[in-house]
Amino acid sequence: MISFILIVLASTFFTGIIIRMKSITSGRKGPGIFQPVKDVIRLFKKGSVYSETTSFIFQAAPSIYFASVLMAMMVIPLGRYSGIISFEGDFVFFAYILGIGKFFNIISALDTGSSFEGMGASREALYSMFAEPSFFILMGSFALLTGHTSFQQIFASLHFGSYISYILGVLATFVLVMITMIENSRMPIDDPKTHLELTMVHEVMILDNSGFDLGMILYATNLKFALYGALIANLFMGSFPLYLTIPIFFGIQILFALAVGILESFTARFRMNHNAQYILALSSVSLLIFLGVLLVLGQFS
Amino acid sequence: MKHISIKNNQTIPLREIPALDYITFLEHNIFLLTKSQGTHCVNYYGFPSEEKIKLICCIADDELSSIYISSSEVTATQKLPSFSRRNLVFEKFEREIHENFGLAYTDHPWLKPVRFPFNRFNKNSTVGDYPFFKIESEELHEVGVGPIHAGIIEPGHFRFICNGEQILHLEVQLGYQHRGIEQLFIEKKKLLQRVTLAENIAGDSVAGHTVAFVNLWESLCNYHPGRDLQLARTLALELERLAIHTGDLSGMCTDVAYQLGSAVFGRLRTPLINFFQSWCGNRLAKGLVRPGKTNFPFTPELAAELNSLLDSYESDFEDICEELFTLPSALARFEKTGVITTEQAVTTGTVGMTARMSELNRDIRSSHPHNLYDELNHQPVIKNQGDVYARARLRRKEINQSVGYLKALMKNSSSGEHKPAPLAIPAPNSFAISLVEGWRGEICHCAITDETGNLVHYKIKDPSFHNWLAMALSVRNNEISDFPIVNKSFDLSYCGHDL
């Protein structure tokens with residue numbers, strides 16, 4: 001329960017910090033860090049406009065997407081405190097409940113019949129598909145290392161003893177950060193600020209959404225960021241007491257947001273056809289982790 | 001003689017243009033273009049003359065700094081072989097003639113109107129049934145962008161035929177901005193109205209088009225502007241080039257999502273256009289250039305202001321260029337994207353920056369110098385890769401050049417007292433042509449007067465007229481997601497094309 005509340009709290013300022021950071025690095029003052037949430041509140045007060053070519057799928061999809069993110073949040077633990085739901089193999093549930101949300105997002109984009117949205121949908125589907133192996137190899141390695149298959153037990157028993165495991169921690173953080181960038185359609189995979197439909201990935205899929213629906217999709221994105229931030233924070237918590245884990249949680253969320261802001265300020269985004277290679281290369285980093293785990297477990301001796 | 005050879009900004013009596021029969025006219029102009037690499041077609045158009053259509057073709061010889069004018073009279077019902085069959089450079093010019101007069105060419109590759117103006121010949125053809133190029137296949141999909149476009153860019157329709165993410169073909173269909181500028185030049189009789197019209201041909205080339213118009217008008221009136229006027233115009237042209245090139249580099253950074261470059265180039269552009277504001281009260285330089293006079297003399301105070309502005313501009317510009325041109329992620333987007341080969345550039349008859357980045361030496365400043373470019377002894381910057389990177393590098397080099405020119409011009413600015421002399425009436429029954437190298441490329445204005453010196457025909461050609469086709473060719477086999485950056489790197493005008 002505690003992790004759920006913390007993620008909701010973190011989601012209110014996460015994207016705000018990214019935007020503020022980007023503003024500062026480009027020499028502007030920028031909006032307040034709660035502006036994205038204020039935008040969502042404004043959108044929640046509005047009605048939606050639906051295109052005549054769309055069916056019920058288009059109207060249902062934003063709610064399903066939002067719900068899927070909420071469900072995924074429920075399995076995230078905080079140190080030794082498990083999430084609202086916790087069971088053996090819940091990391092599989094986590095990945096695929098997010099997958100369901102994405103699936104509905106994709107078919108609702110196809111439902112509009114727009115050629116832009118079709119392109120965006122195909123790109124997003126491709127990138128998520130490529131990102132999937134790296135997540136599962138990573139979590140599978142941890143499961144192997146700790147002998148558990150639920151988030152809470154994996155993170156609680158994950159402790160860094162040997163030198164190799166420090167490397168594992170660094171690599172795991174890197175993989176999770178990059179997965180976050182892919183799943184949230186951020187730089188260098190996608191540029192959330194662009195106004196050019198032809199280069200968009202995620203943004204182009206939600207072109208037809210408006211009002212309340214758009215508010216849900218945008219807020220789900222904020223939540224997703226905080227969600228992955230929480231996953232990364234968990235890597236470093238072990239079984240510390242609550243008065244330590246809460247500052248660690250927020251510290252890591254803020255650090256992560258600042259890092260995303262800096263990354264997005266000083267690089268250009270990738271060429272579209274390099275994205276697939278890049279995302280697949282993440283799987284090999286995950287495989288390194290797997291190798292490290294095998295080393296730790298002494299499988300090679 | 002099959003043509004008359006004139007210089008840039010020269011007025012000649014209309015009857016001195018040799019009138020050939022159509023076949024000789026065709027053969028001769030095709031011959032002029034194949035004669036050497038240094039010739040290109042600057043304008044080819046028709047104008048109604050006593051029930052007939054008089055076609056005028058202007059071929060510029062860049063090596064001899066002369067322009068060859070020839071003409072031919074035809075009737076709308078005649079069946080004519082097309083120039084385009086022999087040389088594709090004429091493709092768009094002939095489509096325009098077809099649109100205006102309904103001339104039916106027998107062997108034009110694809111005769112369809114360029115735009116859909118109110119005074120078009122065939123009122124039955126509408127933009128709704130424009131014949132787009134089509135490829136029938138289950139594998140391919142069409143993506144249509146515009147004409148109501150995201151952002152505040154101008155309206156244009158782009159139709160892509162794609163194989164997945166790869167563009168096989170792009171067709172650009174413009175004309176939504178048509179305002180009938182050429183017709184308005186005839187209808188509006190006051191000189192002030194006409195200069196204002198020239199200023200509004202394209203908002204980003206105000207100096208370019210206005211200088212072209214005033215040069216032409218002064219030539220028609222046989223008026224020789226003083227050095228102060230020439231200086232102000234040359235400064236305005238170079239300053240405009242500087243400002244727009246900087247803004248374009250900012251736009252290119254935005255399109256590859258490089259925020260630092262986008263912000264810094266944007267900041268560098270602002271003081272430049274603000275300088276126009278303090279010079280003439282308008283950031284786009286509207287009101288600055290006037291025929292036969294200037295309302296805003298370039299004072300020593302302004303020179304001092306510009307000098308200090310350029311000093312601070314230069315160092316910051318070099319810094320951010322260093323950053324941009326060494327950033328791997330930006331270079332990965334720029335290099336080998338949107339390539340135009342030299343061969344394609346020749347075939348499509350590109351001009352200006354678009355020609356120079358594909359190894360074509362086309363720069364009016366050096367080949368047909370106007371205003372003070374004679375003194376500057378301009379050497380065009382030539383690149384040979386023809387990709388987005390070449391266009392970015394070309395902009396950087398041209399900016400460096402322009403800064404140098406501005407400083408040199410201000411150094412020998414002997415601000416002689418300006419004595420306004422009244423303009424005479426334009427020469428009767430005359431033809432005049434004016435070429436100006438705007439920041440985008442060669443701008444061509446042509447005028448024809450009647451027996452009382454009244455304007456009877458005015459023809460404007462913006463560099464975008466040819467270059468749109470080059471842009472469409474360059475995105476072939478590129479990814480559709482690279483289209484915005486390619487489009488931005490050409491930065492062509494919609495309204496300059498549509499007129």
# chains A, B, ... in the order shown; residues from 1 in each chain; ligands from 1
$ closest_atom_pairs --of "chain A" --to "chain B" --cutoff "6 Å" --atoms "only C-alpha atoms" --output "JSON lines"
{"residue": "A:Ser26", "atom": "CA", "partner": "B:Ala263", "partner_atom": "CA", "distance": 5.7}
{"residue": "A:Ser115", "atom": "CA", "partner": "B:Val143", "partner_atom": "CA", "distance": 5.8}
{"residue": "A:Leu198", "atom": "CA", "partner": "B:Ser481", "partner_atom": "CA", "distance": 5.1}
{"residue": "A:Thr199", "atom": "CA", "partner": "B:Ser481", "partner_atom": "CA", "distance": 4.3}
{"residue": "A:Ser265", "atom": "CA", "partner": "B:Gln259", "partner_atom": "CA", "distance": 5.2}
{"residue": "A:Thr267", "atom": "CA", "partner": "B:Tyr258", "partner_atom": "CA", "distance": 5.5}
{"residue": "A:Ala268", "atom": "CA", "partner": "B:Tyr258", "partner_atom": "CA", "distance": 4.3}
{"residue": "A:Arg269", "atom": "CA", "partner": "B:Ala257", "partner_atom": "CA", "distance": 5.7}
{"residue": "A:Arg271", "atom": "CA", "partner": "B:Arg333", "partner_atom": "CA", "distance": 5.8}
$ residues_around --residues "Asn209 in chain A" --least-positions-apart "4" --cutoff "9 Å" --atoms "only C-alpha atoms" --output "MDAnalysis selection string"
chainID A and resid 48:50 58:59 62 205 213:215 217
$ select_by_dssp --residues "range 19-227 of chain A" --states "alpha helix (DSSP H)" --output "ChimeraX atom specification"
/A:19-25,35-44,56-74,90-111,115-146,151-157,163-183,211-227
$ residues_around --residues "Ala303 in chain B" --least-positions-apart "5" --cutoff "10 Å" --atoms "only C-alpha atoms" --output "CSV table (one decimal) with N, CA and C atoms, in the first residue's frame"
chain,number,residue,atom,x,y,z
B,279,TRP,N,16.5,49.5,-37.3
B,279,TRP,CA,16.9,50.2,-38.5
B,279,TRP,C,15.6,50.8,-39.2
B,298,PHE,N,21.2,54.4,-43.6
B,298,PHE,CA,22.0,53.6,-42.7
B,298,PHE,C,23.1,54.6,-42.1
B,308,SER,N,29.0,45.9,-33.2
B,308,SER,CA,29.1,45.2,-31.9
B,308,SER,C,28.2,44.0,-31.8
B,309,LEU,N,27.1,44.1,-32.5
B,309,LEU,CA,26.2,42.9,-32.5
B,309,LEU,C,26.9,41.7,-33.2
B,406,LEU,N,29.4,41.9,-44.3
B,406,LEU,CA,28.7,43.0,-43.6
B,406,LEU,C,29.8,43.9,-43.0
B,407,LYS,N,30.8,43.3,-42.4
B,407,LYS,CA,31.9,44.2,-41.8
B,407,LYS,C,32.6,44.9,-42.9
B,409,LEU,N,31.6,45.8,-45.9
B,409,LEU,CA,30.7,46.9,-46.5
B,409,LEU,C,30.6,48.1,-45.6
B,410,MET,N,30.6,47.8,-44.2
B,410,MET,CA,30.4,49.0,-43.3
B,410,MET,C,31.7,49.7,-43.2
B,411,LYS,N,32.9,49.1,-43.5
B,411,LYS,CA,34.2,49.7,-43.4
B,411,LYS,C,34.3,50.8,-44.5
B,413,SER,N,31.9,52.3,-45.9
B,413,SER,CA,30.7,53.0,-46.2
B,413,SER,C,30.9,54.5,-46.0
$ closest_residue --among "B:Arg95, B:Arg395, B:Lys134, B:Arg227" --to "Lys293 in chain B" --atoms "only C-alpha atoms"
B:Arg227
$ residues_around --residues "range 152-156 of chain B" --least-positions-apart "6" --cutoff "10 Å" --atoms "only C-alpha atoms" --output "list of chain:residue names"
B:Val145, B:Gly146, B:Val172, B:Gln173, B:Leu174, B:Gly175, B:Tyr176, B:Gln177, B:Ser493, B:Tyr494, B:Cys495, B:Asp498
$ residues_around --residues "Ala281 in chain A" --least-positions-apart "4" --cutoff "10 Å" --atoms "only C-alpha atoms" --output "mmCIF file with N, CA and C atoms, in the first residue's frame"
data_model
loop_
_atom_site.group_PDB
_atom_site.id
_atom_site.type_symbol
_atom_site.label_atom_id
_atom_site.label_comp_id
_atom_site.auth_asym_id
_atom_site.auth_seq_id
_atom_site.Cartn_x
_atom_site.Cartn_y
_atom_site.Cartn_z
ATOM 1 N N PHE A 130 10.693 -5.490 -28.853
ATOM 2 C CA PHE A 130 12.142 -5.634 -28.720
ATOM 3 C C PHE A 130 12.604 -5.405 -27.289
ATOM 4 N N ALA A 131 11.848 -4.580 -26.557
ATOM 5 C CA ALA A 131 12.279 -4.262 -25.189
ATOM 6 C C ALA A 131 11.950 -5.400 -24.235
ATOM 7 N N SER A 134 14.743 -7.971 -22.865
ATOM 8 C CA SER A 134 15.709 -7.441 -21.906
ATOM 9 C C SER A 134 15.110 -7.397 -20.511
ATOM 10 N N ASN A 275 16.772 2.725 -33.896
ATOM 11 C CA ASN A 275 16.090 2.424 -32.643
ATOM 12 C C ASN A 275 16.012 0.934 -32.372
ATOM 13 N N ALA A 276 15.595 0.189 -33.404
ATOM 14 C CA ALA A 276 15.396 -1.251 -33.222
ATOM 15 C C ALA A 276 16.701 -1.926 -32.803
ATOM 16 N N GLN A 277 17.791 -1.577 -33.485
ATOM 17 C CA GLN A 277 19.104 -2.146 -33.138
ATOM 18 C C GLN A 277 19.451 -1.815 -31.690
ATOM 19 N N VAL A 285 22.860 -6.524 -22.902
ATOM 20 C CA VAL A 285 23.269 -6.058 -21.578
ATOM 21 C C VAL A 285 22.614 -6.921 -20.510
ATOM 22 N N SER A 286 21.347 -7.239 -20.753
ATOM 23 C CA SER A 286 20.648 -8.128 -19.823
ATOM 24 C C SER A 286 21.326 -9.485 -19.756
ATOM 25 N N LEU A 287 21.770 -9.943 -20.908
ATOM 26 C CA LEU A 287 22.463 -11.245 -20.933
ATOM 27 C C LEU A 287 23.744 -11.198 -20.111
#
$ residues_around --residues "Phe116 in chain B" --least-positions-apart "4" --cutoff "9 Å" --atoms "only C-alpha atoms" --output "JSON, numbers by chain"
{"B": [99, 120, 123, 125, 126, 127, 174, 175, 176, 178]}
$ closest_residue --among "A:Phe93, A:Phe236, A:Phe250, A:Phe87" --to "Ser150 in chain A" --atoms "only C-alpha atoms"
A:Phe87
$ atom_distance --atom1 "CA of Arg476 in chain B" --atom2 "CA of Glu343 in chain B"
15.1 Å
$ residues_around --residues "range 12-25 of chain A" --least-positions-apart "5" --cutoff "7 Å" --atoms "only C-alpha atoms" --output "list in words"
Gly30, Pro31, Gly32, Ile33, Phe34, Gln35, Pro36, Val37, Asn222, Ala226, Ala257, Leu258, Val260, Gly261, Ile262 and Ser265 of chain A
$ closest_residue --among "A:Val296, A:Leu223, A:Met1, A:Ile279" --to "Gln253 in chain A" --atoms "only C-alpha atoms"
A:Leu223
$ closest_residue --among "A:Phe4, A:Phe300, A:Phe290, A:Tyr166" --to "Gly140 in chain A" --atoms "only C-alpha atoms"
A:Phe290
$ closest_residue --among "B:Gly251, B:Phe213, B:Asn282, B:Asn307" --to "His195 in chain A" --atoms "only C-alpha atoms"
B:Gly251
$ decode --residues "range 87-133 of chain B" --atoms "N, CA and C atoms" --output "PDB file, in the first residue's frame"
ATOM      1  N   ASN B  87      14.379  18.506 -72.150  1.00  0.00           N
ATOM      2  CA  ASN B  87      15.119  18.901 -70.949  1.00  0.00           C
ATOM      3  C   ASN B  87      14.114  19.114 -69.810  1.00  0.00           C
ATOM      4  N   LEU B  88      14.242  18.318 -68.741  1.00  0.00           N
ATOM      5  CA  LEU B  88      13.228  18.313 -67.688  1.00  0.00           C
ATOM      6  C   LEU B  88      13.159  19.611 -66.880  1.00  0.00           C
ATOM      7  N   VAL B  89      14.162  20.459 -67.046  1.00  0.00           N
ATOM      8  CA  VAL B  89      14.163  21.732 -66.334  1.00  0.00           C
ATOM      9  C   VAL B  89      12.892  22.523 -66.632  1.00  0.00           C
ATOM     10  N   PHE B  90      12.368  22.353 -67.839  1.00  0.00           N
ATOM     11  CA  PHE B  90      11.219  23.151 -68.257  1.00  0.00           C
ATOM     12  C   PHE B  90       9.886  22.585 -67.791  1.00  0.00           C
ATOM     13  N   GLU B  91       9.933  21.425 -67.163  1.00  0.00           N
ATOM     14  CA  GLU B  91       8.699  20.715 -66.821  1.00  0.00           C
ATOM     15  C   GLU B  91       7.693  21.607 -66.101  1.00  0.00           C
ATOM     16  N   LYS B  92       8.162  22.279 -65.047  1.00  0.00           N
ATOM     17  CA  LYS B  92       7.230  23.060 -64.256  1.00  0.00           C
ATOM     18  C   LYS B  92       6.817  24.358 -64.956  1.00  0.00           C
ATOM     19  N   PHE B  93       7.749  24.947 -65.694  1.00  0.00           N
ATOM     20  CA  PHE B  93       7.414  26.169 -66.435  1.00  0.00           C
ATOM     21  C   PHE B  93       6.306  25.882 -67.445  1.00  0.00           C
ATOM     22  N   GLU B  94       6.420  24.729 -68.125  1.00  0.00           N
ATOM     23  CA  GLU B  94       5.419  24.406 -69.140  1.00  0.00           C
ATOM     24  C   GLU B  94       4.083  24.064 -68.521  1.00  0.00           C
ATOM     25  N   ARG B  95       4.130  23.450 -67.334  1.00  0.00           N
ATOM     26  CA  ARG B  95       2.869  23.180 -66.651  1.00  0.00           C
ATOM     27  C   ARG B  95       2.188  24.492 -66.274  1.00  0.00           C
ATOM     28  N   GLU B  96       2.985  25.484 -65.931  1.00  0.00           N
ATOM     29  CA  GLU B  96       2.410  26.778 -65.574  1.00  0.00           C
ATOM     30  C   GLU B  96       1.800  27.454 -66.804  1.00  0.00           C
ATOM     31  N   ILE B  97       2.497  27.360 -67.937  1.00  0.00           N
ATOM     32  CA  ILE B  97       1.963  27.944 -69.164  1.00  0.00           C
ATOM     33  C   ILE B  97       0.657  27.242 -69.542  1.00  0.00           C
ATOM     34  N   HIS B  98       0.647  25.936 -69.374  1.00  0.00           N
ATOM     35  CA  HIS B  98      -0.557  25.153 -69.650  1.00  0.00           C
ATOM     36  C   HIS B  98      -1.704  25.589 -68.744  1.00  0.00           C
ATOM     37  N   GLU B  99      -1.380  25.824 -67.490  1.00  0.00           N
ATOM     38  CA  GLU B  99      -2.401  26.230 -66.518  1.00  0.00           C
ATOM     39  C   GLU B  99      -2.973  27.608 -66.863  1.00  0.00           C
ATOM     40  N   ASN B 100      -2.100  28.520 -67.325  1.00  0.00           N
ATOM     41  CA  ASN B 100      -2.557  29.878 -67.611  1.00  0.00           C
ATOM     42  C   ASN B 100      -3.289  30.006 -68.940  1.00  0.00           C
ATOM     43  N   PHE B 101      -2.816  29.284 -69.954  1.00  0.00           N
ATOM     44  CA  PHE B 101      -3.345  29.523 -71.305  1.00  0.00           C
ATOM     45  C   PHE B 101      -3.958  28.283 -71.940  1.00  0.00           C
ATOM     46  N   GLY B 102      -3.880  27.163 -71.267  1.00  0.00           N
ATOM     47  CA  GLY B 102      -4.442  25.948 -71.826  1.00  0.00           C
ATOM     48  C   GLY B 102      -3.659  25.402 -72.999  1.00  0.00           C
ATOM     49  N   LEU B 103      -2.403  25.797 -73.134  1.00  0.00           N
ATOM     50  CA  LEU B 103      -1.579  25.256 -74.210  1.00  0.00           C
ATOM     51  C   LEU B 103      -1.459  23.740 -74.036  1.00  0.00           C
ATOM     52  N   ALA B 104      -1.810  23.006 -75.094  1.00  0.00           N
ATOM     53  CA  ALA B 104      -1.744  21.549 -74.987  1.00  0.00           C
ATOM     54  C   ALA B 104      -0.473  21.061 -75.653  1.00  0.00           C
ATOM     55  N   TYR B 105       0.471  20.605 -74.859  1.00  0.00           N
ATOM     56  CA  TYR B 105       1.696  20.057 -75.426  1.00  0.00           C
ATOM     57  C   TYR B 105       1.437  18.614 -75.826  1.00  0.00           C
ATOM     58  N   THR B 106       2.048  18.203 -76.920  1.00  0.00           N
ATOM     59  CA  THR B 106       1.772  16.852 -77.387  1.00  0.00           C
ATOM     60  C   THR B 106       2.553  15.804 -76.618  1.00  0.00           C
ATOM     61  N   ASP B 107       3.747  16.163 -76.144  1.00  0.00           N
ATOM     62  CA  ASP B 107       4.579  15.120 -75.533  1.00  0.00           C
ATOM     63  C   ASP B 107       5.155  15.544 -74.181  1.00  0.00           C
ATOM     64  N   HIS B 108       4.405  16.350 -73.451  1.00  0.00           N
ATOM     65  CA  HIS B 108       4.840  16.698 -72.093  1.00  0.00           C
ATOM     66  C   HIS B 108       4.688  15.463 -71.204  1.00  0.00           C
ATOM     67  N   PRO B 109       5.685  15.165 -70.360  1.00  0.00           N
ATOM     68  CA  PRO B 109       5.615  13.935 -69.565  1.00  0.00           C
ATOM     69  C   PRO B 109       4.344  13.819 -68.711  1.00  0.00           C
ATOM     70  N   TRP B 110       3.953  14.907 -68.079  1.00  0.00           N
ATOM     71  CA  TRP B 110       2.718  14.830 -67.293  1.00  0.00           C
ATOM     72  C   TRP B 110       2.146  16.239 -67.148  1.00  0.00           C
ATOM     73  N   LEU B 111       1.233  16.552 -68.040  1.00  0.00           N
ATOM     74  CA  LEU B 111       0.709  17.907 -68.073  1.00  0.00           C
ATOM     75  C   LEU B 111      -0.417  18.057 -67.061  1.00  0.00           C
ATOM     76  N   LYS B 112      -0.129  18.732 -65.976  1.00  0.00           N
ATOM     77  CA  LYS B 112      -1.199  19.055 -65.026  1.00  0.00           C
ATOM     78  C   LYS B 112      -0.880  20.390 -64.408  1.00  0.00           C
ATOM     79  N   PRO B 113      -1.913  21.120 -63.934  1.00  0.00           N
ATOM     80  CA  PRO B 113      -1.646  22.472 -63.442  1.00  0.00           C
ATOM     81  C   PRO B 113      -0.724  22.481 -62.222  1.00  0.00           C
ATOM     82  N   VAL B 114       0.032  23.568 -62.086  1.00  0.00           N
ATOM     83  CA  VAL B 114       0.915  23.711 -60.931  1.00  0.00           C
ATOM     84  C   VAL B 114       0.090  24.097 -59.707  1.00  0.00           C
ATOM     85  N   ARG B 115      -0.799  25.057 -59.904  1.00  0.00           N
ATOM     86  CA  ARG B 115      -1.682  25.512 -58.828  1.00  0.00           C
ATOM     87  C   ARG B 115      -3.053  25.743 -59.432  1.00  0.00           C
ATOM     88  N   PHE B 116      -3.989  26.174 -58.632  1.00  0.00           N
ATOM     89  CA  PHE B 116      -5.342  26.376 -59.149  1.00  0.00           C
ATOM     90  C   PHE B 116      -5.785  27.816 -58.925  1.00  0.00           C
ATOM     91  N   PRO B 117      -5.226  28.773 -59.683  1.00  0.00           N
ATOM     92  CA  PRO B 117      -5.556  30.175 -59.462  1.00  0.00           C
ATOM     93  C   PRO B 117      -6.956  30.518 -59.980  1.00  0.00           C
ATOM     94  N   PHE B 118      -7.470  31.658 -59.522  1.00  0.00           N
ATOM     95  CA  PHE B 118      -8.816  32.085 -59.924  1.00  0.00           C
ATOM     96  C   PHE B 118      -8.896  32.353 -61.424  1.00  0.00           C
ATOM     97  N   ASN B 119      -7.763  32.783 -62.029  1.00  0.00           N
ATOM     98  CA  ASN B 119      -7.806  33.119 -63.451  1.00  0.00           C
ATOM     99  C   ASN B 119      -7.217  32.012 -64.318  1.00  0.00           C
ATOM    100  N   ARG B 120      -7.324  30.768 -63.839  1.00  0.00           N
ATOM    101  CA  ARG B 120      -6.759  29.667 -64.622  1.00  0.00           C
ATOM    102  C   ARG B 120      -7.572  29.465 -65.897  1.00  0.00           C
ATOM    103  N   PHE B 121      -6.980  28.789 -66.840  1.00  0.00           N
ATOM    104  CA  PHE B 121      -7.619  28.628 -68.144  1.00  0.00           C
ATOM    105  C   PHE B 121      -8.804  27.673 -68.038  1.00  0.00           C
ATOM    106  N   ASN B 122      -8.540  26.512 -67.448  1.00  0.00           N
ATOM    107  CA  ASN B 122      -9.582  25.500 -67.372  1.00  0.00           C
ATOM    108  C   ASN B 122     -10.217  25.513 -65.984  1.00  0.00           C
ATOM    109  N   LYS B 123     -11.394  26.172 -65.902  1.00  0.00           N
ATOM    110  CA  LYS B 123     -12.030  26.329 -64.592  1.00  0.00           C
ATOM    111  C   LYS B 123     -12.633  25.016 -64.087  1.00  0.00           C
ATOM    112  N   ASN B 124     -12.746  24.023 -64.972  1.00  0.00           N
ATOM    113  CA  ASN B 124     -13.329  22.749 -64.563  1.00  0.00           C
ATOM    114  C   ASN B 124     -12.370  21.907 -63.733  1.00  0.00           C
ATOM    115  N   SER B 125     -11.060  22.166 -63.907  1.00  0.00           N
ATOM    116  CA  SER B 125     -10.118  21.373 -63.119  1.00  0.00           C
ATOM    117  C   SER B 125      -9.998  22.007 -61.746  1.00  0.00           C
ATOM    118  N   THR B 126     -10.253  21.199 -60.727  1.00  0.00           N
ATOM    119  CA  THR B 126     -10.168  21.721 -59.362  1.00  0.00           C
ATOM    120  C   THR B 126      -9.145  20.912 -58.588  1.00  0.00           C
ATOM    121  N   VAL B 127      -8.783  21.490 -57.436  1.00  0.00           N
ATOM    122  CA  VAL B 127      -7.770  20.811 -56.633  1.00  0.00           C
ATOM    123  C   VAL B 127      -8.300  19.475 -56.114  1.00  0.00           C
ATOM    124  N   GLY B 128      -9.638  19.365 -56.056  1.00  0.00           N
ATOM    125  CA  GLY B 128     -10.257  18.132 -55.564  1.00  0.00           C
ATOM    126  C   GLY B 128      -9.942  16.926 -56.427  1.00  0.00           C
ATOM    127  N   ASP B 129      -9.813  17.155 -57.752  1.00  0.00           N
ATOM    128  CA  ASP B 129      -9.492  15.988 -58.591  1.00  0.00           C
ATOM    129  C   ASP B 129      -8.093  16.091 -59.206  1.00  0.00           C
ATOM    130  N   TYR B 130      -7.174  16.566 -58.397  1.00  0.00           N
ATOM    131  CA  TYR B 130      -5.783  16.637 -58.825  1.00  0.00           C
ATOM    132  C   TYR B 130      -5.261  15.220 -59.038  1.00  0.00           C
ATOM    133  N   PRO B 131      -4.668  14.948 -60.199  1.00  0.00           N
ATOM    134  CA  PRO B 131      -4.215  13.572 -60.460  1.00  0.00           C
ATOM    135  C   PRO B 131      -2.890  13.254 -59.777  1.00  0.00           C
ATOM    136  N   PHE B 132      -2.967  12.636 -58.616  1.00  0.00           N
ATOM    137  CA  PHE B 132      -1.737  12.267 -57.918  1.00  0.00           C
ATOM    138  C   PHE B 132      -1.123  11.033 -58.550  1.00  0.00           C
ATOM    139  N   PHE B 133       0.163  10.923 -58.413  1.00  0.00           N
ATOM    140  CA  PHE B 133       0.856   9.718 -58.865  1.00  0.00           C
ATOM    141  C   PHE B 133       0.441   8.567 -57.953  1.00  0.00           C
TER     142      PHE B 133
END
